[in-house]
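Chemist: The following block contains the structure, expressed as structure tokens.
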Amino acid sequence: MSQKKNMSPPNYEQLPMQINVKIYRPSVKGPILADASVNLNGCFAVRGVQVKEGKNGPFVSMPSRQVRGGYRDICFPCTPEFKRTFDQAVLDAYQMELEHGLNQRQEESQEQGDPTMDGMSM
């Protein structure tokens, strides 16, 4: 008599989750505020993530495809807890890029407007 083995797929758990986010083309206006790539534990990358403007402020939109007049996410966090973590990592990276860009513009304008920076010493 043969016995049936439990044939459930393997379940691998790797904690903690390291999330690295790269923001592209950050802006403060428009329906799409930025594009992002997200790397999970240096093992899995998600491209096509977007930061979009919503009624209640910026939100994270996952890559999707059109299906029967609607859209379905291609990949997505499986638990509400990880969705919050994932979204917050993307929104934090977006905010940092905006601040970095603002600081860089301020430094450039100070360099251009500073009379001691034109090569003449007093």
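Quick note on naming: the chains in the structure tokens go A, B, ... in the order shown, residues restart at 1 in each chain, and ligands are numbered from 1 in order of appearance.
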Region 36-106 of chain A near region 17-31 of chain A within 6 Å: what's each residue's closest atom pair and its distance in Å to one decimal, counting only C-alpha atoms, ordered by chain then ascending residue number, as a Markdown table?

Modeler:
| residue | atom | partner | partner_atom | distance |
| --- | --- | --- | --- | --- |
| A:Ala36 | CA | A:Ile23 | CA | 4.5 |
| A:Ser37 | CA | A:Lys22 | CA | 5.3 |
| A:Val38 | CA | A:Val21 | CA | 4.6 |
| A:Asn39 | CA | A:Asn20 | CA | 5.1 |
| A:Leu40 | CA | A:Ile19 | CA | 4.9 |
| A:Asn41 | CA | A:Gln18 | CA | 4.7 |
| A:Lys52 | CA | A:Pro31 | CA | 5.6 |
| A:Glu53 | CA | A:Pro31 | CA | 5.2 |

Chemist: I need the residues in chain A that are strand (DSSP E or B) according to DSSP; give them as JSON, numbers by chain.

Modeler: {"A": [19, 20, 21, 22, 23, 24, 32, 33, 34, 35, 36, 37, 38, 39, 40, 44, 45, 46, 47, 48, 49, 50, 51, 52, 53, 54, 57, 58, 59, 60, 61, 64, 65, 66, 67, 70, 71, 72, 73]}

Chemist: Find the residues near Leu91 (chain A): any atom within 8 Å, counting only C-alpha atoms, skip ones fewer than 3 places away on the same chain, and give them as a PyMOL selection string.

Modeler: chain A and resi 51+58-60+87-88+94-95

Chemist: Keeping N, CA and C atoms, export the residues of the selection given above as an mmCIF file, in the first residue's frame.

Modeler:
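Saved file selection_26.cif follows:
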data_model
loop_
_atom_site.group_PDB
_atom_site.id
_atom_site.type_symbol
_atom_site.label_atom_id
_atom_site.label_comp_id
_atom_site.auth_asym_id
_atom_site.auth_seq_id
_atom_site.Cartn_x
_atom_site.Cartn_y
_atom_site.Cartn_z
ATOM 1 N N VAL A 51 4.685 56.411 -7.978
ATOM 2 C CA VAL A 51 4.085 57.238 -6.945
ATOM 3 C C VAL A 51 3.123 58.141 -7.686
ATOM 4 N N PRO A 58 -0.031 61.526 -1.960
ATOM 5 C CA PRO A 58 0.654 60.535 -2.781
ATOM 6 C C PRO A 58 0.348 59.104 -2.326
ATOM 7 N N PHE A 59 0.290 58.190 -3.307
ATOM 8 C CA PHE A 59 0.119 56.777 -2.994
ATOM 9 C C PHE A 59 0.961 55.957 -3.959
ATOM 10 N N VAL A 60 1.194 54.689 -3.605
ATOM 11 C CA VAL A 60 2.028 53.787 -4.400
ATOM 12 C C VAL A 60 1.129 52.944 -5.297
ATOM 13 N N ASP A 87 4.817 50.234 0.801
ATOM 14 C CA ASP A 87 4.371 51.573 0.403
ATOM 15 C C ASP A 87 5.137 52.657 1.142
ATOM 16 N N GLN A 88 5.349 52.465 2.450
ATOM 17 C CA GLN A 88 6.056 53.476 3.230
ATOM 18 C C GLN A 88 7.498 53.617 2.776
ATOM 19 N N TYR A 94 10.736 58.589 -2.063
ATOM 20 C CA TYR A 94 10.242 59.689 -2.899
ATOM 21 C C TYR A 94 10.439 61.020 -2.180
ATOM 22 N N GLN A 95 10.061 61.073 -0.921
ATOM 23 C CA GLN A 95 10.200 62.307 -0.131
ATOM 24 C C GLN A 95 11.663 62.709 -0.007
#

Chemist: Between CA of Gly70 (chain A) and CA of Phe86 (chain A), measure the distance and give it in Å to one decimal.

Modeler: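 So the two atoms, CA of Gly70 (chain A) and CA of Phe86 (chain A), lie 23.5 Å apart.
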
Chemist: Could you state the separation of CA of Ile74 (chain A) and CA of Met62 (chain A) in Å, given to one decimal place?

Modeler: 7.5 Å

Chemist: To one decimal place in Å, what is the distance between CA of Tyr71 (chain A) and CA of Ala89 (chain A)?

Modeler: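 Going from CA of Tyr71 (chain A) over to CA of Ala89 (chain A), I get 23.6 Å.
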
Chemist: Mind checking which residues fall within 12 Å of Ser64 (chain A), counting only C-alpha atoms, ignoring those fewer than 2 positions away in the same chain, and posting them as a compact mmCIF listing (two decimals) with C-alpha atoms, in the first residue's frame?

Modeler:
# COMPACT_ATOMS: atom_id res chain seq x y z
CA VAL A 46 10.12 45.11 -9.04
CA ARG A 47 10.18 47.71 -11.82
CA GLY A 48 7.29 49.90 -12.86
CA VAL A 49 6.22 50.98 -9.38
CA GLN A 50 4.81 54.53 -9.47
CA SER A 61 0.77 52.10 -7.56
CA MET A 62 2.06 48.63 -8.45
CA GLN A 66 -5.21 45.95 -18.59
CA VAL A 67 -7.72 43.10 -18.33
CA GLY A 70 -9.91 47.21 -15.85
CA TYR A 71 -6.42 46.91 -14.46
CA ARG A 72 -4.87 44.09 -12.43
CA ASP A 73 -1.62 44.31 -10.52
CA ILE A 74 1.11 42.09 -11.93
CA CYS A 75 2.86 41.77 -8.58
CA PHE A 76 1.77 42.92 -5.15

Chemist: Calculated over only C-alpha atoms, which of the candidates A:Asn56, A:Glu97, A:Pro16, A:Met7 has the smallest distance to Thr85 (chain A)?

Modeler: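 Ranked by minimum distance to Thr85 (chain A), first place goes to A:Pro16.
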